[in-house]
Amino acid sequence: MNDLSARGIVVTVPGHDDAGPESPPAGSRPAARRAPGSRLRGEGLHAALASAVAAAAFVTSGVARGTYPFGDVSRSTNDLGQQFVPMHAHFRGLLTGAADGDLWFNWASGFGVPFVGDFMTYLGTAFSWITVLFPAARIDLAVYVITVAGLALAAAAMTVYLRRLRPDGPVWLAVLAGASYATCGWAIDDAAYVTTWMAGLVAFPVLLLVAEWVMARPSMASLAVGPLVVALLWTSNYYTVYMATLGAAVVTLARLSSASTLSWRARSASAARAAFVLLAGIGLAAPLLVPTFRAVQVAQPSPETEFVAVSWQDFLSRLLPGTEGVGLSPGLAVGTLMLLLALSLPFNRGVPARDRIVWTAAVALTTLSLQLPLAHAIWHGFDTPNGSAYRQAFVVAGMLVIAGWLSASSGLRNAAAVVAPLIAVAVLYVAVDDHRSLTPTTRVVVPVVAVLLLVAGLLLRSSGRSPERLLRGRIAIASIVAVVVAEMVAAAVAVDARRSEHLYAFPTWGERHQEVRDLVRSADDWPDARTSPGRFLTVNDPLLLGGQSGLYYSSTMPSAVSAVLTGFGFGYSGYGRALVDPQSPAVDAAFSVAHRVVDGGAGLVVDDRPAAPLVTVRPADPWQSADPAPFGPQETALGADLYEVPDIVVDGPPEVHRPVRPNGDIALVLPAGAEGPFTVRLQGSCSPGDEVYLNAPSLVGDVQVDGAWVPMLAPEARRPGLYMTAPMRRVGVAGPDGAVDVPVRVTAATRIPGSALGCLDPAALTTAVTGLAAAGPTSVDVGGHSVDVGLEASDEARTLVLAVVRVPGWRCASGDGAARTPGTLAGLMAVTVAPGDVAVSCSFRPPGLRLGLAIGAAALSSLLAGVAVLAFLRTRRPQHQGESA
């Protein structure tokens, strides 16, 4: 055996025995030297057992709760239903050829957006490929299987790491420890509905295994394979894997610091090898990482958030199983057993003093770092999230499991190691008994499980080699396993039930999904025109159900797409990262949406509407509207004057103050203490028969449409105008005398633009669309991330306009000219066509791809050089047996 290993955290070498305790801990077998193949088979079995336990606990909790796929209760909570399921559905479509786009570009969302950032943020794990094994109508099941697989792999990896750390500890306890890590509070409360975060849960123990392998002694295999594993992890989800890497670095430093038999030179060499493999692996992932980081840089930002640590009562309460506080506090729970064992480490005389000091300090300081502003910034890459501030909690959960294993595998040799943890948990239990994070399950399982574990532990300690005592020990072990697994299930049920009380769950695939999907496929006309699935289920319905529209919700939403489409009248939520379709005929016409799934009253139908082609040809100096947004950009995109924007008068009760702001906006200030609602009327004058549209993105209240009140923004809307805005909305038709009278009901102080009303001339819209279609190109060929256009010859310069928002990465060439960044017209891509040119070619390349490839090539070269140097040195000198790392 040639690795950093067990007793006292020493380095073992061929011909040297581990420095073990005087007698093996109860319930374990003495360590024995085994052939590498035998050891690997044993580790594989232990890993499989841990995987089975973690997966079975999670699945059983779903059966108990009646959640999908075992019942009618949806488990598509929040982002799982709104982002991850649709993203996986689109990825499945790409793999099967049923979706539009490729790894670089997505034609379905936002009228065309980059995709590599979404791939790396939502789909990077190898488990995402599981989607291809399921039909489209079972995408929810595919994502569920991916979640279970992530938990199982995390349990397996942690179990193998623990066995490598202390090979002679009880196998059954290592299995339980690995499963406890995989089903920790963070995994069940946070990562279970943010599927990609499972990558961090898996990466933490896998990175530790790589470090163990690399630090043991230099080998061709470790230097060649180690970086590939790191690269695979970093491309699975760079966000949580970054956190896992920081955690693995802390644990690795603790390992080296506690290795009392190593010289400082050997420690430095081991650390250097681990750092080399880590950096080489990250470098190999650079071709995907760098474009992703560039995508994040140009993504729609959210307001800066200042980290505010929760109270220590909030914080420490989450150590108890069954507590819930997603987004508010860290999910640190690893079960009562592992919590008690972790707390026993500082008091366990069976563990060498150096180890106790180093590991206790490492766990305590890492836990403390979650509450410190500077450390918080480091954990999150100096970008404080607007959601949960404790997304790194799984690292502390993993370290608690490691600490518990180090203590238990050495045997609890003194009373303090048993009594002190029980007292600490009892004090914590009493101190947080009335806390909001506790569930009824927590209040029951903690004392019950603690007592049962104590009894089983005493029974296990009295076991021995006689048949009667052997039976006693087996009964004790079986009891501990049963109690721990039952607690895992109960805690998962409690957490999921509590979380569902305040987080919305989107429906799983059903009849409505299939109906919309079938209608979209029946009307598919891409790339001649777009077919919008509407919004019947999520903001990402184009990804989930097919078609192409402006709907899109992503953390990597390009700020250009958000800004341009909100300028066209789209609403949004999530600080502009989730777009809301205005369903305007002018917007649809401008973006070539010729077919839209709508509710026809008697059922869903496809509504065909006039729309310009995806690519249109304009004069060299296209006409541009002077009207304010959103009416002006729509007119510019269609090249015609379509709207009349009247001056408005606000009529209402005298107690509603209506001052006009310097920018022309009209503030509606309600009287102090008023309960409302108050009704005001927006009045103006347009041409008779024109369709009237209201643009009031920050209006908290309702607007009357055809005699019924329709909400704009709900009273509970989070920070109107910042977190969310309302889309422009059709509110009626100008009367025979041209009068416009729009009743608005407000429930809170709000602001209405001075140009809130626009009157659309339907005949002018039809004429504009007909003209653009008549002057269209001769051919349009849309590839995965390219557009090739054929034109009729002309002696005049022209402007080619693509109904795609320009984002960084597009390059276009006219004729034989050099490729250049295209211009814009109302935010859309515009290419100047020189006289005589009959072809235009546009292609998208993710920004940062060249730099990423260069870094990847440098990393690969360094890696090959390192392997070559190692091979050369090994040919120059004989292998020294007994040489430490």
# chains A, B, ... in the order shown; residues from 1 in each chain; ligands from 1

$ residues_around --residues "Gly866 of chain A" --least-positions-apart "6" --cutoff "12 Å" --atoms "only C-alpha atoms" --output "list in words"
Pro218, Ser219, Met220, Ala221, Ser222, Leu223, Ala224, Pro227, Arg273, Phe276, Val277, Ala280, Ala859, Leu860, Phe872 and Leu873 of chain A

$ select_by_dssp --residues "segment 476-582 of chain A" --states "alpha helix (DSSP H)" --output "ChimeraX atom specification"
/A:476-499,511-523,541-545,559-567

$ closest_atom_pairs --of "segment 59-172 of chain A" --to "segment 839-851 of chain A" --cutoff "12 Å" --atoms "only C-alpha atoms" --output "JSON lines"
{"residue": "A:Gly101", "atom": "CA", "partner": "A:Phe844", "partner_atom": "CA", "distance": 11.2}
{"residue": "A:Asp102", "atom": "CA", "partner": "A:Phe844", "partner_atom": "CA", "distance": 11.0}
{"residue": "A:Leu103", "atom": "CA", "partner": "A:Pro846", "partner_atom": "CA", "distance": 9.9}
{"residue": "A:Trp104", "atom": "CA", "partner": "A:Pro846", "partner_atom": "CA", "distance": 6.6}
{"residue": "A:Phe105", "atom": "CA", "partner": "A:Phe844", "partner_atom": "CA", "distance": 7.5}
{"residue": "A:Asn106", "atom": "CA", "partner": "A:Phe844", "partner_atom": "CA", "distance": 10.8}
{"residue": "A:Trp107", "atom": "CA", "partner": "A:Phe844", "partner_atom": "CA", "distance": 11.7}
{"residue": "A:Gly112", "atom": "CA", "partner": "A:Phe844", "partner_atom": "CA", "distance": 10.8}
{"residue": "A:Val113", "atom": "CA", "partner": "A:Phe844", "partner_atom": "CA", "distance": 10.0}
{"residue": "A:Pro114", "atom": "CA", "partner": "A:Pro846", "partner_atom": "CA", "distance": 7.4}
{"residue": "A:Phe115", "atom": "CA", "partner": "A:Pro846", "partner_atom": "CA", "distance": 8.8}
{"residue": "A:Val116", "atom": "CA", "partner": "A:Pro846", "partner_atom": "CA", "distance": 7.5}
{"residue": "A:Gly117", "atom": "CA", "partner": "A:Pro846", "partner_atom": "CA", "distance": 9.2}

$ write_last_selection --atoms "C-alpha atoms" --output "short mmCIF file (atom, residue, chain, number, x, y, z; two decimals), in the first residue's frame"
data_model
loop_
_atom_site.label_atom_id
_atom_site.label_comp_id
_atom_site.auth_asym_id
_atom_site.auth_seq_id
_atom_site.Cartn_x
_atom_site.Cartn_y
_atom_site.Cartn_z
CA GLY A 101 -29.45 24.93 -32.06
CA ASP A 102 -26.31 23.29 -30.73
CA LEU A 103 -23.86 23.59 -27.83
CA TRP A 104 -23.00 27.17 -28.81
CA PHE A 105 -26.42 28.62 -29.57
CA ASN A 106 -30.07 28.11 -28.64
CA TRP A 107 -32.65 29.22 -31.21
CA GLY A 112 -31.93 33.23 -30.09
CA VAL A 113 -29.40 33.23 -27.24
CA PRO A 114 -25.96 31.74 -26.50
CA PHE A 115 -26.15 28.28 -24.95
CA VAL A 116 -22.72 27.28 -23.63
CA GLY A 117 -23.27 29.25 -20.41
#

$ select_by_dssp --residues "segment 91-313 of chain A" --states "strand (DSSP E or B)" --output "list in words"
Gly101, Phe105, Asn106, Val113, Pro114 and Ala299 of chain A

$ closest_residue --among "A:Val358, A:Gly473, A:Thr252, A:Ala137" --to "Glu511 of chain A" --atoms "only C-alpha atoms"
A:Ala137

$ residues_around --residues "Asp140 of chain A" --least-positions-apart "6" --cutoff "10 Å" --atoms "only C-alpha atoms" --output "PDB file with all heavy atoms, in the first residue's frame"
ATOM      1  N   TYR A  68     -43.889  12.892  -7.099  1.00  0.00           N
ATOM      2  CA  TYR A  68     -43.568  12.268  -8.372  1.00  0.00           C
ATOM      3  C   TYR A  68     -42.201  11.591  -8.257  1.00  0.00           C
ATOM      4  O   TYR A  68     -41.280  12.150  -7.658  1.00  0.00           O
ATOM      5  CB  TYR A  68     -43.518  13.337  -9.463  1.00  0.00           C
ATOM      6  CG  TYR A  68     -43.185  12.786 -10.835  1.00  0.00           C
ATOM      7  CD1 TYR A  68     -44.187  12.294 -11.657  1.00  0.00           C
ATOM      8  CD2 TYR A  68     -41.877  12.744 -11.280  1.00  0.00           C
ATOM      9  CE1 TYR A  68     -43.880  11.775 -12.903  1.00  0.00           C
ATOM     10  CE2 TYR A  68     -41.562  12.226 -12.521  1.00  0.00           C
ATOM     11  CZ  TYR A  68     -42.570  11.744 -13.320  1.00  0.00           C
ATOM     12  OH  TYR A  68     -42.267  11.227 -14.556  1.00  0.00           O
ATOM     13  N   PRO A  69     -42.017  10.372  -8.770  1.00  0.00           N
ATOM     14  CA  PRO A  69     -42.924   9.596  -9.622  1.00  0.00           C
ATOM     15  C   PRO A  69     -43.792   8.591  -8.869  1.00  0.00           C
ATOM     16  O   PRO A  69     -44.327   7.665  -9.490  1.00  0.00           O
ATOM     17  CB  PRO A  69     -41.946   8.866 -10.543  1.00  0.00           C
ATOM     18  CG  PRO A  69     -40.753   8.619  -9.670  1.00  0.00           C
ATOM     19  CD  PRO A  69     -40.659   9.817  -8.765  1.00  0.00           C
ATOM     20  N   SER A  74     -46.284  17.140  -7.136  1.00  0.00           N
ATOM     21  CA  SER A  74     -45.129  17.518  -7.950  1.00  0.00           C
ATOM     22  C   SER A  74     -43.929  17.809  -7.069  1.00  0.00           C
ATOM     23  O   SER A  74     -44.048  18.402  -5.998  1.00  0.00           O
ATOM     24  CB  SER A  74     -45.453  18.761  -8.789  1.00  0.00           C
ATOM     25  OG  SER A  74     -44.297  19.234  -9.446  1.00  0.00           O
ATOM     26  N   ARG A  75     -42.756  17.395  -7.533  1.00  0.00           N
ATOM     27  CA  ARG A  75     -41.522  17.730  -6.825  1.00  0.00           C
ATOM     28  C   ARG A  75     -40.721  18.790  -7.587  1.00  0.00           C
ATOM     29  O   ARG A  75     -39.588  19.086  -7.230  1.00  0.00           O
ATOM     30  CB  ARG A  75     -40.653  16.492  -6.610  1.00  0.00           C
ATOM     31  CG  ARG A  75     -40.169  15.800  -7.871  1.00  0.00           C
ATOM     32  CD  ARG A  75     -39.206  14.675  -7.553  1.00  0.00           C
ATOM     33  NE  ARG A  75     -38.014  15.152  -6.906  1.00  0.00           N
ATOM     34  CZ  ARG A  75     -36.921  15.567  -7.548  1.00  0.00           C
ATOM     35  NH1 ARG A  75     -36.906  15.595  -8.875  1.00  0.00           N
ATOM     36  NH2 ARG A  75     -35.860  15.962  -6.900  1.00  0.00           N
ATOM     37  N   SER A  76     -41.341  19.362  -8.640  1.00  0.00           N
ATOM     38  CA  SER A  76     -40.642  20.350  -9.475  1.00  0.00           C
ATOM     39  C   SER A  76     -40.667  21.722  -8.807  1.00  0.00           C
ATOM     40  O   SER A  76     -41.245  22.686  -9.318  1.00  0.00           O
ATOM     41  CB  SER A  76     -41.268  20.405 -10.869  1.00  0.00           C
ATOM     42  OG  SER A  76     -41.063  19.201 -11.558  1.00  0.00           O
ATOM     43  N   LEU A  80     -36.340  23.981 -10.110  1.00  0.00           N
ATOM     44  CA  LEU A  80     -36.338  22.648 -10.711  1.00  0.00           C
ATOM     45  C   LEU A  80     -37.372  22.574 -11.836  1.00  0.00           C
ATOM     46  O   LEU A  80     -37.075  22.093 -12.935  1.00  0.00           O
ATOM     47  CB  LEU A  80     -36.644  21.589  -9.652  1.00  0.00           C
ATOM     48  CG  LEU A  80     -36.718  20.141 -10.171  1.00  0.00           C
ATOM     49  CD1 LEU A  80     -35.392  19.714 -10.776  1.00  0.00           C
ATOM     50  CD2 LEU A  80     -37.136  19.196  -9.055  1.00  0.00           C
ATOM     51  N   GLY A  81     -38.577  23.080 -11.565  1.00  0.00           N
ATOM     52  CA  GLY A  81     -39.613  23.033 -12.588  1.00  0.00           C
ATOM     53  C   GLY A  81     -39.480  24.104 -13.640  1.00  0.00           C
ATOM     54  O   GLY A  81     -39.857  23.898 -14.800  1.00  0.00           O
ATOM     55  N   PHE A  84     -34.545  23.755 -14.577  1.00  0.00           N
ATOM     56  CA  PHE A  84     -33.785  22.524 -14.809  1.00  0.00           C
ATOM     57  C   PHE A  84     -34.533  21.508 -15.668  1.00  0.00           C
ATOM     58  O   PHE A  84     -33.945  20.898 -16.561  1.00  0.00           O
ATOM     59  CB  PHE A  84     -33.367  21.908 -13.468  1.00  0.00           C
ATOM     60  CG  PHE A  84     -32.293  22.693 -12.795  1.00  0.00           C
ATOM     61  CD1 PHE A  84     -32.601  23.664 -11.858  1.00  0.00           C
ATOM     62  CD2 PHE A  84     -30.967  22.498 -13.119  1.00  0.00           C
ATOM     63  CE1 PHE A  84     -31.617  24.414 -11.254  1.00  0.00           C
ATOM     64  CE2 PHE A  84     -29.963  23.243 -12.522  1.00  0.00           C
ATOM     65  CZ  PHE A  84     -30.290  24.205 -11.595  1.00  0.00           C
ATOM     66  N   VAL A  85     -35.802  21.309 -15.409  1.00  0.00           N
ATOM     67  CA  VAL A  85     -36.556  20.381 -16.268  1.00  0.00           C
ATOM     68  C   VAL A  85     -36.608  20.889 -17.706  1.00  0.00           C
ATOM     69  O   VAL A  85     -36.317  20.134 -18.648  1.00  0.00           O
ATOM     70  CB  VAL A  85     -37.964  20.131 -15.694  1.00  0.00           C
ATOM     71  CG1 VAL A  85     -38.814  19.348 -16.695  1.00  0.00           C
ATOM     72  CG2 VAL A  85     -37.872  19.356 -14.380  1.00  0.00           C
ATOM     73  N   PRO A  86     -36.950  22.173 -17.948  1.00  0.00           N
ATOM     74  CA  PRO A  86     -36.916  22.652 -19.345  1.00  0.00           C
ATOM     75  C   PRO A  86     -35.533  22.575 -19.980  1.00  0.00           C
ATOM     76  O   PRO A  86     -35.410  22.232 -21.165  1.00  0.00           O
ATOM     77  CB  PRO A  86     -37.387  24.108 -19.228  1.00  0.00           C
ATOM     78  CG  PRO A  86     -38.224  24.142 -17.997  1.00  0.00           C
ATOM     79  CD  PRO A  86     -37.557  23.184 -17.055  1.00  0.00           C
ATOM     80  N   HIS A  88     -33.136  20.455 -19.341  1.00  0.00           N
ATOM     81  CA  HIS A  88     -32.863  19.059 -19.674  1.00  0.00           C
ATOM     82  C   HIS A  88     -33.708  18.593 -20.851  1.00  0.00           C
ATOM     83  O   HIS A  88     -33.257  17.772 -21.657  1.00  0.00           O
ATOM     84  CB  HIS A  88     -33.112  18.172 -18.448  1.00  0.00           C
ATOM     85  CG  HIS A  88     -31.994  18.190 -17.440  1.00  0.00           C
ATOM     86  ND1 HIS A  88     -31.857  19.188 -16.505  1.00  0.00           N
ATOM     87  CD2 HIS A  88     -30.947  17.345 -17.236  1.00  0.00           C
ATOM     88  CE1 HIS A  88     -30.793  18.953 -15.770  1.00  0.00           C
ATOM     89  NE2 HIS A  88     -30.209  17.854 -16.193  1.00  0.00           N
ATOM     90  N   ALA A  89     -34.924  19.118 -20.956  1.00  0.00           N
ATOM     91  CA  ALA A  89     -35.751  18.768 -22.109  1.00  0.00           C
ATOM     92  C   ALA A  89     -35.111  19.267 -23.400  1.00  0.00           C
ATOM     93  O   ALA A  89     -35.093  18.555 -24.421  1.00  0.00           O
ATOM     94  CB  ALA A  89     -37.147  19.372 -21.940  1.00  0.00           C
ATOM     95  N   THR A 131     -30.865  11.810 -20.041  1.00  0.00           N
ATOM     96  CA  THR A 131     -32.124  12.254 -20.636  1.00  0.00           C
ATOM     97  C   THR A 131     -32.418  11.564 -21.965  1.00  0.00           C
ATOM     98  O   THR A 131     -33.589  11.394 -22.325  1.00  0.00           O
ATOM     99  CB  THR A 131     -32.108  13.777 -20.869  1.00  0.00           C
ATOM    100  OG1 THR A 131     -30.962  14.128 -21.666  1.00  0.00           O
ATOM    101  CG2 THR A 131     -32.040  14.525 -19.546  1.00  0.00           C
ATOM    102  N   PHE A 134     -34.827   8.568 -22.041  1.00  0.00           N
ATOM    103  CA  PHE A 134     -36.232   8.724 -21.703  1.00  0.00           C
ATOM    104  C   PHE A 134     -36.963   9.463 -22.823  1.00  0.00           C
ATOM    105  O   PHE A 134     -36.393  10.338 -23.466  1.00  0.00           O
ATOM    106  CB  PHE A 134     -36.390   9.518 -20.406  1.00  0.00           C
ATOM    107  CG  PHE A 134     -35.878   8.806 -19.192  1.00  0.00           C
ATOM    108  CD1 PHE A 134     -34.525   8.803 -18.877  1.00  0.00           C
ATOM    109  CD2 PHE A 134     -36.751   8.129 -18.357  1.00  0.00           C
ATOM    110  CE1 PHE A 134     -34.052   8.144 -17.757  1.00  0.00           C
ATOM    111  CE2 PHE A 134     -36.288   7.465 -17.233  1.00  0.00           C
ATOM    112  CZ  PHE A 134     -34.934   7.464 -16.930  1.00  0.00           C
ATOM    113  N   ILE A 146     -31.576  11.514 -12.482  1.00  0.00           N
ATOM    114  CA  ILE A 146     -30.309  12.244 -12.389  1.00  0.00           C
ATOM    115  C   ILE A 146     -30.051  12.676 -10.946  1.00  0.00           C
ATOM    116  O   ILE A 146     -28.924  12.572 -10.441  1.00  0.00           O
ATOM    117  CB  ILE A 146     -30.341  13.467 -13.327  1.00  0.00           C
ATOM    118  CG1 ILE A 146     -30.285  13.013 -14.777  1.00  0.00           C
ATOM    119  CG2 ILE A 146     -29.193  14.423 -13.021  1.00  0.00           C
ATOM    120  CD1 ILE A 146     -30.566  14.116 -15.775  1.00  0.00           C
ATOM    121  N   PRO A 507     -46.192  21.929 -12.293  1.00  0.00           N
ATOM    122  CA  PRO A 507     -46.763  20.604 -12.580  1.00  0.00           C
ATOM    123  C   PRO A 507     -45.803  19.743 -13.396  1.00  0.00           C
ATOM    124  O   PRO A 507     -45.066  20.240 -14.240  1.00  0.00           O
ATOM    125  CB  PRO A 507     -48.038  20.922 -13.368  1.00  0.00           C
ATOM    126  CG  PRO A 507     -47.799  22.283 -13.954  1.00  0.00           C
ATOM    127  CD  PRO A 507     -46.956  23.014 -12.956  1.00  0.00           C
ATOM    128  N   THR A 508     -45.839  18.462 -13.113  1.00  0.00           N
ATOM    129  CA  THR A 508     -45.075  17.520 -13.923  1.00  0.00           C
ATOM    130  C   THR A 508     -45.797  17.320 -15.252  1.00  0.00           C
ATOM    131  O   THR A 508     -46.936  17.745 -15.445  1.00  0.00           O
ATOM    132  CB  THR A 508     -44.928  16.176 -13.206  1.00  0.00           C
ATOM    133  OG1 THR A 508     -46.232  15.707 -12.813  1.00  0.00           O
ATOM    134  CG2 THR A 508     -44.084  16.319 -11.959  1.00  0.00           C
ATOM    135  N   TRP A 509     -45.122  16.640 -16.174  1.00  0.00           N
ATOM    136  CA  TRP A 509     -45.655  16.486 -17.521  1.00  0.00           C
ATOM    137  C   TRP A 509     -47.037  15.841 -17.476  1.00  0.00           C
ATOM    138  O   TRP A 509     -47.229  14.796 -16.858  1.00  0.00           O
ATOM    139  CB  TRP A 509     -44.714  15.641 -18.364  1.00  0.00           C
ATOM    140  CG  TRP A 509     -45.019  15.692 -19.827  1.00  0.00           C
ATOM    141  CD1 TRP A 509     -46.028  15.049 -20.476  1.00  0.00           C
ATOM    142  CD2 TRP A 509     -44.324  16.441 -20.828  1.00  0.00           C
ATOM    143  NE1 TRP A 509     -46.005  15.347 -21.821  1.00  0.00           N
ATOM    144  CE2 TRP A 509     -44.965  16.200 -22.065  1.00  0.00           C
ATOM    145  CE3 TRP A 509     -43.223  17.283 -20.800  1.00  0.00           C
ATOM    146  CZ2 TRP A 509     -44.545  16.762 -23.255  1.00  0.00           C
ATOM    147  CZ3 TRP A 509     -42.793  17.854 -21.993  1.00  0.00           C
ATOM    148  CH2 TRP A 509     -43.445  17.601 -23.201  1.00  0.00           C
TER     149      TRP A 509
END

$ residues_around --residues "segment 168-180 of chain A" --least-positions-apart "3" --cutoff "6 Å" --atoms "only C-alpha atoms" --output "list in words"
Ser28, Ala31, Ala50, Ala54, Ala155, Met158, Thr159, Thr183, Cys184, Val334 and Ser409 of chain A

$ write_last_selection --atoms "all heavy atoms" --output "PDB file, in the first residue's frame"
ATOM      1  N   SER A  28     -15.462  -3.584  14.392  1.00  0.00           N
ATOM      2  CA  SER A  28     -14.588  -3.582  13.219  1.00  0.00           C
ATOM      3  C   SER A  28     -13.695  -4.794  13.239  1.00  0.00           C
ATOM      4  O   SER A  28     -13.575  -5.502  14.242  1.00  0.00           O
ATOM      5  CB  SER A  28     -13.729  -2.313  13.203  1.00  0.00           C
ATOM      6  OG  SER A  28     -12.795  -2.366  14.255  1.00  0.00           O
ATOM      7  N   ALA A  31      -7.173  -4.514  10.688  1.00  0.00           N
ATOM      8  CA  ALA A  31      -6.720  -4.214   9.324  1.00  0.00           C
ATOM      9  C   ALA A  31      -5.843  -5.328   8.810  1.00  0.00           C
ATOM     10  O   ALA A  31      -5.019  -5.878   9.527  1.00  0.00           O
ATOM     11  CB  ALA A  31      -5.959  -2.885   9.310  1.00  0.00           C
ATOM     12  N   ALA A  50     -23.203   2.010   0.029  1.00  0.00           N
ATOM     13  CA  ALA A  50     -23.501   3.393   0.413  1.00  0.00           C
ATOM     14  C   ALA A  50     -24.441   4.045  -0.595  1.00  0.00           C
ATOM     15  O   ALA A  50     -25.380   4.758  -0.225  1.00  0.00           O
ATOM     16  CB  ALA A  50     -22.215   4.202   0.537  1.00  0.00           C
ATOM     17  N   ALA A  54     -28.183   5.565   0.360  1.00  0.00           N
ATOM     18  CA  ALA A  54     -28.560   6.960   0.103  1.00  0.00           C
ATOM     19  C   ALA A  54     -29.723   7.032  -0.875  1.00  0.00           C
ATOM     20  O   ALA A  54     -30.696   7.779  -0.657  1.00  0.00           O
ATOM     21  CB  ALA A  54     -27.364   7.734  -0.440  1.00  0.00           C
ATOM     22  N   ALA A 155     -22.507   9.535  -2.170  1.00  0.00           N
ATOM     23  CA  ALA A 155     -22.368   8.584  -1.072  1.00  0.00           C
ATOM     24  C   ALA A 155     -21.234   7.607  -1.346  1.00  0.00           C
ATOM     25  O   ALA A 155     -20.418   7.296  -0.451  1.00  0.00           O
ATOM     26  CB  ALA A 155     -23.679   7.827  -0.872  1.00  0.00           C
ATOM     27  N   MET A 158     -17.735   9.414  -1.039  1.00  0.00           N
ATOM     28  CA  MET A 158     -17.365   9.712   0.343  1.00  0.00           C
ATOM     29  C   MET A 158     -16.998   8.438   1.091  1.00  0.00           C
ATOM     30  O   MET A 158     -16.045   8.416   1.883  1.00  0.00           O
ATOM     31  CB  MET A 158     -18.506  10.450   1.046  1.00  0.00           C
ATOM     32  CG  MET A 158     -18.216  10.787   2.509  1.00  0.00           C
ATOM     33  SD  MET A 158     -16.714  11.793   2.757  1.00  0.00           S
ATOM     34  CE  MET A 158     -17.344  13.424   2.335  1.00  0.00           C
ATOM     35  N   THR A 159     -17.731   7.362   0.859  1.00  0.00           N
ATOM     36  CA  THR A 159     -17.421   6.090   1.531  1.00  0.00           C
ATOM     37  C   THR A 159     -16.031   5.596   1.152  1.00  0.00           C
ATOM     38  O   THR A 159     -15.252   5.163   2.019  1.00  0.00           O
ATOM     39  CB  THR A 159     -18.479   5.037   1.165  1.00  0.00           C
ATOM     40  OG1 THR A 159     -19.759   5.493   1.610  1.00  0.00           O
ATOM     41  CG2 THR A 159     -18.169   3.704   1.818  1.00  0.00           C
ATOM     42  N   THR A 183     -27.078  12.540   1.972  1.00  0.00           N
ATOM     43  CA  THR A 183     -28.435  12.980   2.315  1.00  0.00           C
ATOM     44  C   THR A 183     -28.405  14.067   3.378  1.00  0.00           C
ATOM     45  O   THR A 183     -29.356  14.200   4.159  1.00  0.00           O
ATOM     46  CB  THR A 183     -29.271  11.788   2.814  1.00  0.00           C
ATOM     47  OG1 THR A 183     -28.617  11.183   3.944  1.00  0.00           O
ATOM     48  CG2 THR A 183     -29.447  10.745   1.725  1.00  0.00           C
ATOM     49  N   CYS A 184     -27.334  14.833   3.414  1.00  0.00           N
ATOM     50  CA  CYS A 184     -27.222  15.912   4.395  1.00  0.00           C
ATOM     51  C   CYS A 184     -28.306  16.964   4.154  1.00  0.00           C
ATOM     52  O   CYS A 184     -28.978  16.968   3.117  1.00  0.00           O
ATOM     53  CB  CYS A 184     -25.837  16.558   4.337  1.00  0.00           C
ATOM     54  SG  CYS A 184     -25.482  17.459   2.804  1.00  0.00           S
ATOM     55  N   VAL A 334     -26.172  16.223   9.253  1.00  0.00           N
ATOM     56  CA  VAL A 334     -25.666  14.963   8.702  1.00  0.00           C
ATOM     57  C   VAL A 334     -26.203  13.776   9.490  1.00  0.00           C
ATOM     58  O   VAL A 334     -25.657  12.678   9.413  1.00  0.00           O
ATOM     59  CB  VAL A 334     -24.119  14.930   8.698  1.00  0.00           C
ATOM     60  CG1 VAL A 334     -23.562  15.899   7.678  1.00  0.00           C
ATOM     61  CG2 VAL A 334     -23.556  15.232  10.085  1.00  0.00           C
ATOM     62  N   SER A 409     -13.586   5.485  13.927  1.00  0.00           N
ATOM     63  CA  SER A 409     -12.691   4.424  13.447  1.00  0.00           C
ATOM     64  C   SER A 409     -11.530   4.177  14.393  1.00  0.00           C
ATOM     65  O   SER A 409     -10.848   3.166  14.282  1.00  0.00           O
ATOM     66  CB  SER A 409     -12.171   4.776  12.049  1.00  0.00           C
ATOM     67  OG  SER A 409     -11.420   5.975  12.075  1.00  0.00           O
TER      68      SER A 409
END

$ residues_around --residues "Leu800 of chain A" --least-positions-apart "6" --cutoff "6 Å" --atoms "only C-alpha atoms" --output "list in words"
Thr616, Val617, Ala830 and Val831 of chain A

$ residues_around --residues "Gln583 of chain A" --least-positions-apart "6" --cutoff "12 Å" --atoms "only C-alpha atoms" --output "list of chain:residue names"
A:Ser532, A:Pro533, A:Gly534, A:Arg535, A:Ser549, A:Gly550, A:Leu551, A:Phe568, A:Gly569, A:Phe570, A:Gly571, A:Ala589, A:Ala590, A:Phe591, A:Val593, A:Ala594, A:His595, A:Arg596, A:Val597, A:Val598, A:Asp607, A:Arg609, A:Tyr693, A:Pro727, A:Met728, A:Arg729, A:Arg730

$ residues_around --residues "segment 244-246 of chain A" --least-positions-apart "2" --cutoff "6 Å" --atoms "only C-alpha atoms" --output "list in words"
Gly200, Phe204, Val241, Tyr242, Ala248 and Ala249 of chain A
